[in-house]
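A.B. asks: Contents of final_36.cif (mmCIF, C-alpha atoms):
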```
data_target
loop_
_atom_site.label_atom_id
_atom_site.label_comp_id
_atom_site.auth_asym_id
_atom_site.auth_seq_id
_atom_site.Cartn_x
_atom_site.Cartn_y
_atom_site.Cartn_z
CA MET C 8 3.20 -34.19 8.51
CA TYR C 9 4.56 -30.69 8.03
CA ASP C 10 5.25 -28.36 10.95
CA LEU C 11 3.40 -25.56 9.13
CA LEU C 12 0.95 -25.25 6.25
CA VAL C 13 0.71 -21.77 4.74
CA LEU C 14 -2.33 -20.83 2.67
CA GLY C 15 -1.24 -18.01 0.37
CA GLY C 16 2.08 -16.95 -1.13
CA GLY C 17 1.79 -13.17 -0.81
CA PRO C 18 3.88 -10.98 1.52
CA ALA C 19 2.48 -12.55 4.72
CA GLY C 20 2.55 -16.10 3.39
CA TYR C 21 5.90 -16.24 1.67
CA LEU C 22 7.73 -14.35 4.41
CA ALA C 23 6.22 -16.57 7.13
CA ALA C 24 7.19 -19.65 5.13
CA GLU C 25 10.71 -18.33 4.64
CA ARG C 26 11.15 -17.38 8.31
CA ALA C 27 9.74 -20.70 9.53
CA GLY C 28 11.94 -22.64 7.13
CA HIS C 29 14.96 -20.68 8.29
CA GLU C 30 14.13 -21.74 11.86
CA GLY C 31 14.16 -25.40 10.84
CA MET C 32 10.42 -25.98 10.51
CA SER C 33 9.13 -28.11 7.65
CA VAL C 34 6.82 -25.88 5.61
CA CYS C 35 4.41 -26.26 2.70
CA CYS C 36 3.10 -23.09 1.06
CA PHE C 37 0.07 -23.08 -1.26
CA GLU C 38 -0.34 -20.40 -3.93
CA MET C 39 -2.64 -20.79 -6.93
CA ARG C 40 -1.13 -17.88 -8.90
CA GLU C 41 2.40 -16.51 -8.61
CA LEU C 42 4.47 -16.25 -5.47
CA GLY C 43 4.54 -12.67 -4.23
CA GLY C 44 0.78 -12.25 -4.25
CA VAL C 45 -0.98 -9.03 -5.18
CA CYS C 46 1.86 -6.84 -3.91
CA LEU C 47 4.58 -8.24 -6.12
CA ASN C 48 2.50 -9.14 -9.18
CA GLU C 49 -0.47 -6.78 -9.25
CA GLY C 50 0.21 -3.95 -6.82
CA CYS C 51 3.17 -2.48 -4.97
CA ILE C 52 6.03 -3.44 -7.27
CA PRO C 53 4.56 -3.12 -10.79
CA SER C 54 2.90 0.19 -9.90
CA LYS C 55 6.22 1.56 -8.64
CA ALA C 56 7.89 0.44 -11.87
CA LEU C 57 5.32 2.44 -13.86
CA LEU C 58 5.51 5.46 -11.58
CA ASN C 59 9.29 5.60 -11.67
CA CYS C 60 9.21 5.64 -15.47
CA ALA C 61 6.75 8.54 -15.26
CA LYS C 62 9.06 10.30 -12.81
CA VAL C 63 12.06 9.92 -15.11
CA TYR C 64 9.97 11.29 -17.99
CA GLU C 65 8.84 14.32 -15.98
CA HIS C 66 12.41 15.04 -14.89
CA ALA C 67 13.55 14.86 -18.50
CA LEU C 68 10.78 17.19 -19.62
CA HIS C 69 12.04 19.85 -17.24
CA GLY C 70 15.73 19.07 -17.63
CA GLU C 71 16.62 22.61 -18.66
CA LYS C 72 15.89 23.76 -15.09
CA PHE C 73 18.80 21.59 -14.01
CA GLY C 74 21.11 22.53 -16.85
CA VAL C 75 20.27 19.47 -18.96
CA LEU C 76 19.13 20.36 -22.47
CA THR C 77 16.62 17.88 -23.83
CA HIS C 78 14.52 17.52 -26.96
CA ASP C 79 12.11 15.04 -28.53
CA ILE C 80 11.25 13.60 -25.12
CA ALA C 81 8.53 10.94 -25.14
CA LEU C 82 7.13 8.32 -22.78
CA ASP C 83 6.80 5.00 -24.63
CA HIS C 84 4.08 3.11 -22.74
CA ALA C 85 4.91 -0.18 -24.49
CA LEU C 86 8.53 0.01 -23.32
CA VAL C 87 7.37 0.96 -19.85
CA GLN C 88 5.24 -2.19 -19.78
CA LYS C 89 8.19 -4.33 -20.86
CA ARG C 90 10.24 -2.94 -18.01
CA ARG C 91 7.40 -3.53 -15.52
CA ALA C 92 7.13 -7.16 -16.58
CA ARG C 93 10.91 -7.64 -16.33
CA VAL C 94 11.01 -6.15 -12.82
CA VAL C 95 8.20 -8.42 -11.65
CA ARG C 96 9.79 -11.54 -13.18
CA THR C 97 13.09 -10.75 -11.46
CA LEU C 98 11.54 -10.32 -8.04
CA VAL C 99 9.26 -13.36 -8.32
CA ALA C 100 12.33 -15.40 -9.20
CA GLY C 101 13.97 -14.03 -6.06
CA VAL C 102 11.08 -15.18 -3.87
CA LYS C 103 11.22 -18.64 -5.45
CA ALA C 104 14.93 -18.81 -4.74
CA LYS C 105 14.33 -17.90 -1.09
CA MET C 106 11.78 -20.70 -0.82
CA ARG C 107 14.28 -23.20 -2.19
CA GLU C 108 17.01 -21.87 0.11
CA HIS C 109 14.86 -22.49 3.18
CA HIS C 110 13.50 -25.85 1.94
CA VAL C 111 9.89 -24.67 1.64
CA GLU C 112 7.71 -26.85 -0.55
CA VAL C 113 5.55 -24.72 -2.84
CA VAL C 114 2.31 -26.10 -4.26
CA ARG C 115 0.89 -24.10 -7.17
CA GLU C 116 -2.72 -25.11 -6.64
CA ARG C 117 -5.83 -23.75 -4.98
CA ALA C 118 -5.94 -25.02 -1.40
CA VAL C 119 -9.06 -25.89 0.61
CA LEU C 120 -9.20 -26.82 4.27
CA ARG C 121 -10.58 -30.29 4.97
CA GLY C 122 -10.73 -30.02 8.75
CA ARG C 123 -8.73 -31.64 11.51
CA VAL C 124 -6.64 -34.76 11.46
CA ASP C 125 -4.83 -36.51 14.27
CA GLY C 126 -2.24 -34.00 15.50
CA GLY C 127 -3.08 -31.23 13.09
CA PHE C 128 -4.97 -30.06 10.02
CA ALA C 129 -5.65 -31.28 6.49
CA VAL C 130 -5.49 -29.22 3.32
CA GLU C 131 -6.45 -30.45 -0.14
CA ALA C 132 -4.75 -29.03 -3.23
CA GLY C 133 -4.57 -30.45 -6.73
CA GLY C 134 -6.30 -33.65 -5.66
CA GLN C 135 -3.74 -34.37 -2.93
CA VAL C 136 -4.15 -34.01 0.83
CA TYR C 137 -1.42 -32.37 2.90
CA GLU C 138 -1.25 -32.49 6.70
CA GLY C 139 0.35 -30.03 9.09
CA LYS C 140 0.66 -29.38 12.83
CA ARG C 141 -0.01 -25.67 12.42
CA LEU C 142 -1.85 -23.53 9.91
CA LEU C 143 -1.28 -19.95 8.73
CA ILE C 144 -4.09 -18.33 6.75
CA ALA C 145 -2.61 -15.70 4.44
CA THR C 146 -5.05 -15.70 1.53
CA GLY C 147 -5.03 -11.93 1.05
CA SER C 148 -7.83 -9.81 -0.34
CA SER C 149 -9.73 -9.00 -3.53
CA PRO C 150 -11.20 -5.78 -4.96
CA VAL C 151 -14.61 -4.75 -3.65
CA VAL C 152 -17.20 -4.76 -6.45
CA PRO C 153 -20.15 -2.55 -5.40
CA PRO C 154 -23.64 -3.21 -6.82
CA ILE C 155 -23.57 -0.48 -9.46
CA PRO C 156 -25.71 -1.13 -12.55
CA GLY C 157 -23.47 -2.10 -15.47
CA LEU C 158 -20.36 -2.64 -13.38
CA ARG C 159 -20.29 -6.46 -13.61
CA GLU C 160 -20.90 -6.31 -17.34
CA GLY C 161 -18.07 -3.78 -17.67
CA LEU C 162 -15.68 -6.05 -15.79
CA ASP C 163 -16.67 -9.01 -17.96
CA SER C 164 -16.08 -7.05 -21.17
CA GLY C 165 -12.77 -5.57 -20.04
CA TRP C 166 -13.98 -1.98 -20.28
CA VAL C 167 -13.81 -1.81 -16.48
CA VAL C 168 -10.53 -2.96 -14.93
CA THR C 169 -9.18 -3.50 -11.42
CA ASN C 170 -5.69 -2.97 -10.00
CA ARG C 171 -4.63 -6.22 -11.68
CA GLU C 172 -5.45 -5.28 -15.27
CA VAL C 173 -4.70 -1.54 -15.13
CA LEU C 174 -1.02 -2.22 -14.53
CA ALA C 175 -0.70 -4.20 -17.76
CA LEU C 176 -2.78 -2.20 -20.26
CA PRO C 177 -1.05 -2.45 -23.65
CA GLU C 178 -1.95 1.16 -24.44
CA ALA C 179 -2.62 4.23 -22.34
CA PRO C 180 -6.35 4.96 -22.75
CA LYS C 181 -7.31 8.32 -24.21
CA LYS C 182 -9.84 8.81 -21.42
CA LEU C 183 -9.47 7.02 -18.09
CA LEU C 184 -12.10 7.34 -15.39
CA ILE C 185 -11.12 6.17 -11.91
CA ILE C 186 -13.73 5.20 -9.33
CA GLY C 187 -12.08 5.86 -5.98
CA GLY C 188 -9.58 8.49 -4.85
CA GLY C 189 -7.54 6.31 -2.49
CA VAL C 190 -3.91 5.26 -2.89
CA VAL C 191 -4.38 3.00 -5.93
CA GLY C 192 -6.60 5.50 -7.72
CA LEU C 193 -4.18 8.37 -7.11
CA GLU C 194 -1.09 6.44 -8.18
CA MET C 195 -2.74 5.29 -11.39
CA ALA C 196 -4.07 8.80 -12.02
CA ALA C 197 -0.49 10.04 -11.64
CA TYR C 198 0.98 7.52 -14.07
CA TYR C 199 -1.66 7.63 -16.78
CA ARG C 200 -1.92 11.43 -16.71
CA THR C 201 1.83 11.57 -17.33
CA ALA C 202 1.41 8.93 -20.06
CA GLY C 203 -1.02 11.26 -21.85
CA SER C 204 -4.45 10.05 -20.73
CA GLU C 205 -7.26 12.39 -19.82
CA VAL C 206 -7.97 11.34 -16.25
CA ALA C 207 -11.05 11.86 -14.10
CA VAL C 208 -11.32 10.65 -10.50
CA VAL C 209 -14.71 10.16 -8.85
CA GLU C 210 -14.55 10.02 -5.04
CA MET C 211 -17.50 9.75 -2.64
CA LEU C 212 -15.67 11.58 0.16
CA ASP C 213 -15.08 15.33 0.10
CA HIS C 214 -11.33 14.71 0.00
CA ILE C 215 -8.81 12.34 -1.55
CA ALA C 216 -6.34 9.85 -0.04
CA GLY C 217 -8.60 8.42 2.65
CA ALA C 218 -7.19 8.80 6.17
CA THR C 219 -4.16 10.82 5.04
CA ASP C 220 -3.62 14.04 6.98
CA ARG C 221 -6.10 16.49 5.42
CA GLU C 222 -3.64 19.33 4.93
CA ILE C 223 -1.26 17.00 3.10
CA SER C 224 -4.00 15.44 0.93
CA ASP C 225 -5.28 18.92 0.02
CA LEU C 226 -1.81 19.86 -1.22
CA LEU C 227 -1.69 16.69 -3.33
CA LEU C 228 -5.14 17.44 -4.71
CA LYS C 229 -4.05 20.94 -5.69
CA GLU C 230 -0.93 19.61 -7.42
CA TYR C 231 -2.78 17.03 -9.53
CA ARG C 232 -5.53 19.43 -10.45
CA ARG C 233 -2.75 21.67 -11.71
CA LYS C 234 -1.48 18.73 -13.78
CA GLY C 235 -4.91 18.33 -15.35
CA VAL C 236 -6.59 15.54 -13.39
CA ASP C 237 -10.35 16.14 -13.07
CA PHE C 238 -11.43 15.36 -9.51
CA ARG C 239 -15.14 14.93 -8.73
CA LEU C 240 -15.33 14.93 -4.93
CA GLY C 241 -18.41 14.11 -2.91
CA ALA C 242 -19.67 12.36 -6.03
CA LYS C 243 -21.08 8.88 -6.64
CA VAL C 244 -21.06 6.61 -9.68
CA VAL C 245 -24.61 5.29 -10.17
CA ALA C 246 -24.40 3.50 -13.54
CA LEU C 247 -21.98 2.39 -16.25
CA GLY C 248 -22.51 1.46 -19.87
CA GLU C 249 -21.88 2.25 -23.53
CA GLY C 250 -18.59 4.02 -22.86
CA ARG C 251 -20.13 6.37 -20.33
CA VAL C 252 -20.20 6.64 -16.56
CA THR C 253 -23.18 8.26 -14.85
CA VAL C 254 -22.19 10.32 -11.84
CA VAL C 255 -24.27 12.14 -9.25
CA GLU C 256 -22.18 15.11 -8.14
CA ALA C 257 -21.94 16.71 -4.71
CA GLY C 258 -24.65 19.27 -5.51
CA GLY C 259 -27.05 16.61 -6.75
CA ASP C 260 -26.57 17.18 -10.48
CA THR C 261 -26.27 14.10 -12.71
CA VAL C 262 -23.53 14.08 -15.36
CA ARG C 263 -22.34 11.47 -17.85
CA LEU C 264 -18.61 11.19 -18.37
CA GLU C 265 -17.04 9.42 -21.34
CA ALA C 266 -14.33 6.85 -20.71
CA ASP C 267 -12.28 4.46 -22.83
CA LYS C 268 -11.36 2.59 -19.64
CA VAL C 269 -12.73 2.62 -16.13
CA LEU C 270 -10.56 1.69 -13.14
CA LEU C 271 -12.42 0.33 -10.13
CA CYS C 272 -10.55 0.84 -6.85
CA VAL C 273 -12.98 1.46 -4.01
CA GLY C 274 -11.39 -0.87 -1.48
CA ARG C 275 -10.57 -4.50 -0.84
CA ARG C 276 -12.24 -7.40 0.97
CA ALA C 277 -10.55 -10.25 2.83
CA ASN C 278 -10.50 -13.58 0.98
CA VAL C 279 -12.30 -15.87 3.45
CA GLN C 280 -14.90 -17.55 1.24
CA GLU C 281 -14.88 -21.09 -0.17
CA MET C 282 -11.67 -22.15 1.52
CA GLY C 283 -13.08 -24.40 4.24
CA LEU C 284 -12.62 -22.19 7.29
CA GLU C 285 -15.98 -23.40 8.57
CA THR C 286 -14.54 -26.92 8.94
CA LEU C 287 -12.40 -25.60 11.78
CA GLY C 288 -14.80 -23.05 13.23
CA VAL C 289 -12.46 -20.11 12.58
CA GLU C 290 -14.14 -16.88 13.71
CA ILE C 291 -14.72 -14.38 10.92
CA THR C 292 -15.83 -10.76 11.32
CA ARG C 293 -16.94 -8.27 8.67
CA ALA C 294 -13.29 -7.24 8.32
CA GLY C 295 -11.84 -10.73 8.01
CA VAL C 296 -10.39 -13.47 10.20
CA ARG C 297 -10.35 -12.35 13.82
CA VAL C 298 -6.90 -12.49 15.40
CA ASP C 299 -5.23 -11.39 18.62
CA ALA C 300 -2.03 -9.34 18.85
CA CYS C 301 0.01 -12.48 18.20
CA GLY C 302 -1.88 -13.44 15.05
CA ARG C 303 -3.71 -16.31 16.74
CA THR C 304 -7.27 -17.12 15.73
CA ASN C 305 -9.86 -18.61 18.08
CA VAL C 306 -8.67 -22.07 16.98
CA PRO C 307 -5.43 -23.31 18.65
CA ASP C 308 -2.46 -23.55 16.24
CA VAL C 309 -4.33 -21.62 13.52
CA PHE C 310 -2.95 -18.18 12.71
CA ALA C 311 -3.82 -15.45 10.20
CA ALA C 312 -1.68 -12.65 8.77
CA GLY C 313 -1.87 -10.05 6.03
CA ASP C 314 -4.95 -8.64 4.32
CA VAL C 315 -7.07 -11.63 5.32
CA ASN C 316 -7.33 -10.37 8.91
CA GLY C 317 -8.54 -6.97 7.68
CA VAL C 318 -6.57 -4.97 10.25
CA SER C 319 -4.11 -3.09 8.03
CA MET C 320 -4.08 -3.99 4.35
CA LEU C 321 -0.48 -3.04 3.63
CA ALA C 322 2.36 -5.31 2.52
CA HIS C 323 4.76 -4.04 5.17
CA THR C 324 2.15 -4.70 7.86
CA ALA C 325 1.81 -8.24 6.49
CA TYR C 326 5.56 -8.80 6.75
CA ARG C 327 5.60 -7.85 10.40
CA GLU C 328 2.45 -9.86 11.16
CA ALA C 329 4.09 -12.90 9.55
CA GLU C 330 7.14 -12.52 11.77
CA VAL C 331 4.96 -12.20 14.88
CA CYS C 332 3.03 -15.35 13.94
CA VAL C 333 6.18 -17.40 13.40
CA ASN C 334 7.79 -16.12 16.61
CA THR C 335 4.63 -17.04 18.52
CA MET C 336 4.66 -20.53 17.01
CA LEU C 337 8.24 -20.91 18.22
CA GLY C 338 7.32 -19.82 21.75
CA ARG C 339 9.02 -16.43 21.51
CA GLN C 340 7.34 -13.43 23.07
CA ASP C 341 6.19 -11.05 20.34
CA ALA C 342 3.10 -9.02 19.48
CA MET C 343 1.81 -6.61 16.83
CA ARG C 344 1.52 -2.88 17.40
CA TYR C 345 -0.31 -0.78 14.86
CA ASP C 346 0.48 2.70 16.19
CA ALA C 347 3.44 3.24 13.90
CA ILE C 348 2.53 1.71 10.54
CA PRO C 349 3.74 4.07 7.79
CA SER C 350 1.64 4.75 4.69
CA VAL C 351 2.92 6.09 1.38
CA ILE C 352 1.44 7.38 -1.86
CA TYR C 353 4.05 7.18 -4.61
CA THR C 354 2.82 10.09 -6.67
CA LEU C 355 5.04 12.97 -7.78
CA PRO C 356 5.39 14.53 -5.23
CA GLU C 357 5.36 11.61 -2.80
CA VAL C 358 3.15 11.56 0.27
CA ALA C 359 4.08 9.69 3.45
CA GLY C 360 2.68 9.61 6.95
CA VAL C 361 2.83 7.66 10.18
CA GLY C 362 1.00 7.89 13.48
CA LEU C 363 -1.89 10.20 14.30
CA THR C 364 -3.12 12.87 11.93
CA GLU C 365 -4.51 16.11 13.32
CA GLU C 366 -8.02 14.90 12.51
CA GLN C 367 -7.49 11.65 14.43
CA ALA C 368 -5.90 13.43 17.40
CA ARG C 369 -8.90 15.74 17.71
CA GLU C 370 -11.37 12.86 17.36
CA GLN C 371 -9.58 10.92 20.10
CA GLY C 372 -9.36 13.92 22.40
CA VAL C 373 -5.57 13.81 22.48
CA ALA C 374 -3.89 17.02 23.67
CA TYR C 375 -1.25 17.70 21.04
CA GLU C 376 1.05 20.34 19.62
CA CYS C 377 1.68 20.64 15.88
CA ARG C 378 4.54 22.25 13.99
CA LYS C 379 5.25 22.26 10.26
CA LEU C 380 7.90 23.53 7.89
CA SER C 381 8.37 23.95 4.16
CA MET C 382 10.56 21.26 2.62
CA ARG C 383 12.71 24.10 1.32
CA TYR C 384 14.31 24.21 4.76
CA SER C 385 16.33 21.25 3.44
CA GLY C 386 19.39 22.26 1.44
CA ARG C 387 19.37 19.05 -0.56
CA PHE C 388 15.69 19.44 -1.38
CA VAL C 389 16.34 22.91 -2.84
CA ALA C 390 19.43 21.69 -4.71
CA GLU C 391 17.62 18.77 -6.35
CA ASN C 392 13.99 19.84 -6.69
CA GLU C 393 11.77 22.57 -8.03
CA GLY C 394 8.64 23.54 -6.13
CA ASP C 395 7.97 22.87 -2.47
CA GLY C 396 6.59 20.41 0.02
CA LEU C 397 5.61 20.21 3.66
CA CYS C 398 6.70 18.32 6.76
CA LYS C 399 4.48 18.44 9.84
CA MET C 400 4.81 16.79 13.22
CA LEU C 401 2.43 16.18 16.10
CA ILE C 402 3.65 15.60 19.67
CA ASP C 403 1.84 14.72 22.86
CA ALA C 404 1.39 18.01 24.72
CA GLN C 405 2.06 16.43 28.13
CA ARG C 406 4.52 13.61 27.51
CA ARG C 407 6.23 15.36 24.55
CA THR C 408 6.50 12.09 22.62
CA VAL C 409 6.13 12.04 18.84
CA LEU C 410 2.56 11.18 17.83
CA GLY C 411 2.62 11.61 14.05
CA VAL C 412 4.68 12.83 11.12
CA HIS C 413 3.20 13.67 7.71
CA MET C 414 5.05 14.77 4.58
CA ILE C 415 4.56 15.71 0.96
CA GLY C 416 7.64 16.05 -1.20
CA ALA C 417 10.47 14.16 -2.86
CA TYR C 418 12.00 11.27 -0.89
CA ALA C 419 9.17 11.23 1.69
CA SER C 420 8.78 7.45 1.26
CA GLU C 421 12.42 6.84 2.19
CA ILE C 422 12.34 9.14 5.22
CA ILE C 423 9.15 8.15 7.00
CA TRP C 424 10.57 4.99 8.59
CA GLY C 425 12.66 7.18 10.91
CA ALA C 426 9.54 8.90 12.18
CA ALA C 427 7.92 5.47 12.61
CA ALA C 428 10.85 4.40 14.79
CA MET C 429 10.40 7.48 16.96
CA ILE C 430 6.72 6.69 17.50
CA GLU C 431 7.30 2.96 18.02
CA THR C 432 9.90 3.61 20.73
CA GLY C 433 7.98 6.45 22.39
CA LEU C 434 10.80 8.89 21.77
CA ARG C 435 10.49 12.32 23.39
CA VAL C 436 11.29 15.48 21.45
CA GLU C 437 14.34 16.21 23.63
CA ASP C 438 15.77 12.74 22.95
CA ALA C 439 14.95 12.75 19.23
CA ARG C 440 16.88 16.01 18.86
CA LYS C 441 20.06 14.18 19.88
CA ILE C 442 19.93 11.99 16.75
CA VAL C 443 22.58 12.99 14.23
CA PHE C 444 21.17 13.17 10.70
CA PRO C 445 23.49 12.99 7.68
CA HIS C 446 23.98 16.28 5.84
CA PRO C 447 22.87 17.25 3.31
CA THR C 448 19.78 15.04 3.21
CA VAL C 449 16.08 15.70 2.99
CA SER C 450 15.65 13.55 6.11
CA GLU C 451 17.02 16.53 8.05
CA MET C 452 13.51 17.95 7.75
CA ILE C 453 12.57 15.74 10.71
CA ARG C 454 15.33 17.35 12.78
CA GLU C 455 14.33 20.85 11.68
CA VAL C 456 10.73 20.33 12.75
CA LEU C 457 11.78 18.84 16.08
CA TRP C 458 13.61 22.06 16.90
CA THR C 459 10.52 24.18 16.29
CA PHE C 460 8.91 22.84 19.48
CA SER C 461 9.60 25.02 22.51
#
```
Hey, can you dump this file as structure tokens for me?
C.D. replies:
Amino acid sequence: MYDLLVLGGGPAGYLAAERAGHEGMSVCCFEMRELGGVCLNEGCIPSKALLNCAKVYEHALHGEKFGVLTHDIALDHALVQKRRARVVRTLVAGVKAKMREHHVEVVRERAVLRGRVDGGFAVEAGGQVYEGKRLLIATGSSPVVPPIPGLREGLDSGWVVTNREVLALPEAPKKLLIIGGGVVGLEMAAYYRTAGSEVAVVEMLDHIAGATDREISDLLLKEYRRKGVDFRLGAKVVALGEGRVTVVEAGGDTVRLEADKVLLCVGRRANVQEMGLETLGVEITRAGVRVDACGRTNVPDVFAAGDVNGVSMLAHTAYREAEVCVNTMLGRQDAMRYDAIPSVIYTLPEVAGVGLTEEQAREQGVAYECRKLSMRYSGRFVAENEGDGLCKMLIDAQRRTVLGVHMIGAYASEIIWGAAAMIETGLRVEDARKIVFPHPTVSEMIREVLWTFS
């Protein structure tokens, strides 16, 4: 009998298995596809590989601004795809090596719970039954497929694609229509527009980027409209078929937009079906498996981490949840906090944020102060970039602790963790000012904004 059975080999599953194995637990991890889950194979990593290629191309196009004379510049989508595949293979191999290093048994089969056994739980996979003292559910999530006429048929034919297929298209479509203006939709709009596609984004909300600070998302919207992306906000797709997408626009007019490919990315749903959770009586909500701050379900010795709990569907959240679950299993005091989970959109320019937005602070009745500065206050930003960006900070008006930081501009993704640390530790403005930032770096923007508070 294993000490731990892990259902799912994505960020939550493989990291939990690795950490538990490192601590001397015997672990069996079940994954029916590739280790790394959606993030490594169909999301975070392959999309960043594509977007970095697009970034290199855009830099080359404007090389003369930096004293680099270029000519005959082209983005070869086929070569980009080869690089994406190579990056993914390399990192998947790395995860496999980690599993071997920590003596984790990996079963490449679909796993189904078969209920309790004496001293633990039973899981069936590939016709064999495995038993374990503890269970971690880390089965991830799948794309939401709304009941739009023609959508299922489009998915079956390949005309409509999800995040999985869009990352591996052999050719950039002439016309790409994206249903959903969230992170995935925006990143794919950024890549395929740079790759030469005509891109339209249909979003039901009156803004893009979901819960991103509105001022920041408006700046991103303006930038990508300038680059030629057609945004239809406050609009709804009502039918698909015959190479056309029927859209009801914000004013009520109905239009039909042509598309060679349609990308569906309107959200994700926790994978909780047909896996035998009912055999244990695990409590499931509309969001996913219900857990407490330690990752425990309502069933003793059964934990859940990652997208399957529906709390925060981000890979870095899943990593931390996995660590909390394993620490709890080992009797160590640990718990999840969700106040300082960073979010990033890897467009060009990048968008990053952590903590409360102005909209959220107002909704919650939080008394706050807000300051913001142009990214051109950073010497390195001016030296290495054209254009501008923005860094804004919210602090608690009474306690003077950092509540939120939101940025648009180069390197934002690599800076935001520092702001997350300030929020996580409850750092006051006066204390944060004492941190010495390296110079010249764009991260100094955080320091500059801190000094704008009286």
A.B. asks: Can you turn the PyMOL selection byres ((chain C and resi 220) around 8) into a concrete residue list for this file, as a VMD selection string?
C.D. replies: chain C and resid 218 to 219 221 to 224 360 364 to 366 413
A.B. asks: Separation of CA of Ala246 in chain C and CA of Gly161 in chain C, in Å?
C.D. replies: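 That distance, rounded to one decimal, is 10.5 Å.
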A.B. asks: If the PyMOL selection byres ((chain C and resi 260) around 12) were run on this exact file, what residues would it hold? Put them as a PyMOL selection string.
C.D. replies: chain C and resi 239+241-244+253-259+261-263
A.B. asks: Can you tell me how far CA of Glu421 in chain C sits from CA of Leu226 in chain C, in Å to one decimal?
C.D. replies: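 Between these atoms lies a distance of 19.6 Å.
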A.B. asks: Which of these residues is nearest to Ser204 in chain C, using all atoms listed in the file: C:Glu391, C:Pro153, C:Ala266, C:Ala145?
C.D. replies: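 Residue with the minimum atom-to-atom distance to Ser204 in chain C: C:Ala266.
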A.B. asks: Using Å and a single decimal, report how far CA of Val449 in chain C sits from CA of Thr408 in chain C.
C.D. replies: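 Between CA of Thr408 in chain C and CA of Val449 in chain C the gap works out to 22.1 Å.
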A.B. asks: For this file, the PyMOL selection byres ((chain C and resi 405) around 8) selects which residues, as a PDB file with C-alpha atoms, in the coordinates of the input?
C.D. replies:
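Generated file (result.pdb):
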```pdb
ATOM      1  CA  ALA C 374      -3.890  17.020  23.670  1.00  0.00           C
ATOM      2  CA  TYR C 375      -1.250  17.700  21.040  1.00  0.00           C
ATOM      3  CA  ASP C 403       1.840  14.720  22.860  1.00  0.00           C
ATOM      4  CA  ALA C 404       1.390  18.010  24.720  1.00  0.00           C
ATOM      5  CA  ARG C 406       4.520  13.610  27.510  1.00  0.00           C
ATOM      6  CA  ARG C 407       6.230  15.360  24.550  1.00  0.00           C
TER       7      ARG C 407
END
```
A.B. asks: Kindly provide, as a list in words, the polymer residues lying within 12 Å of (-13.3, -5.9, -18.5), counting only C-alpha atoms and using the coordinates exactly as they appear in the file.
C.D. replies: Gly157, Leu158, Arg159, Glu160, Gly161, Leu162, Asp163, Ser164, Gly165, Trp166, Val167, Val168, Thr169, Asn170, Arg171, Glu172, Val173, Leu176, Gly248, Asp267, Lys268, Val269, Leu270 and Leu271 of chain C
A.B. asks: Skipping near chain neighbours, those fewer than 6 positions away, what residues fall within 9 Å of range 198-203 of chain C using only C-alpha atoms, listed as a PyMOL selection string?
C.D. replies: chain C and resi 54+57-62+64-65+81-84+179-181+183+234-236+354
A.B. asks: Kindly indicate which residue among C:Val358, C:Leu247, C:Ile185, C:Ala197 lies nearest to Ala216 in chain C, using only C-alpha atoms for the distances.
C.D. replies: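 Nearest to Ala216 in chain C: C:Val358.
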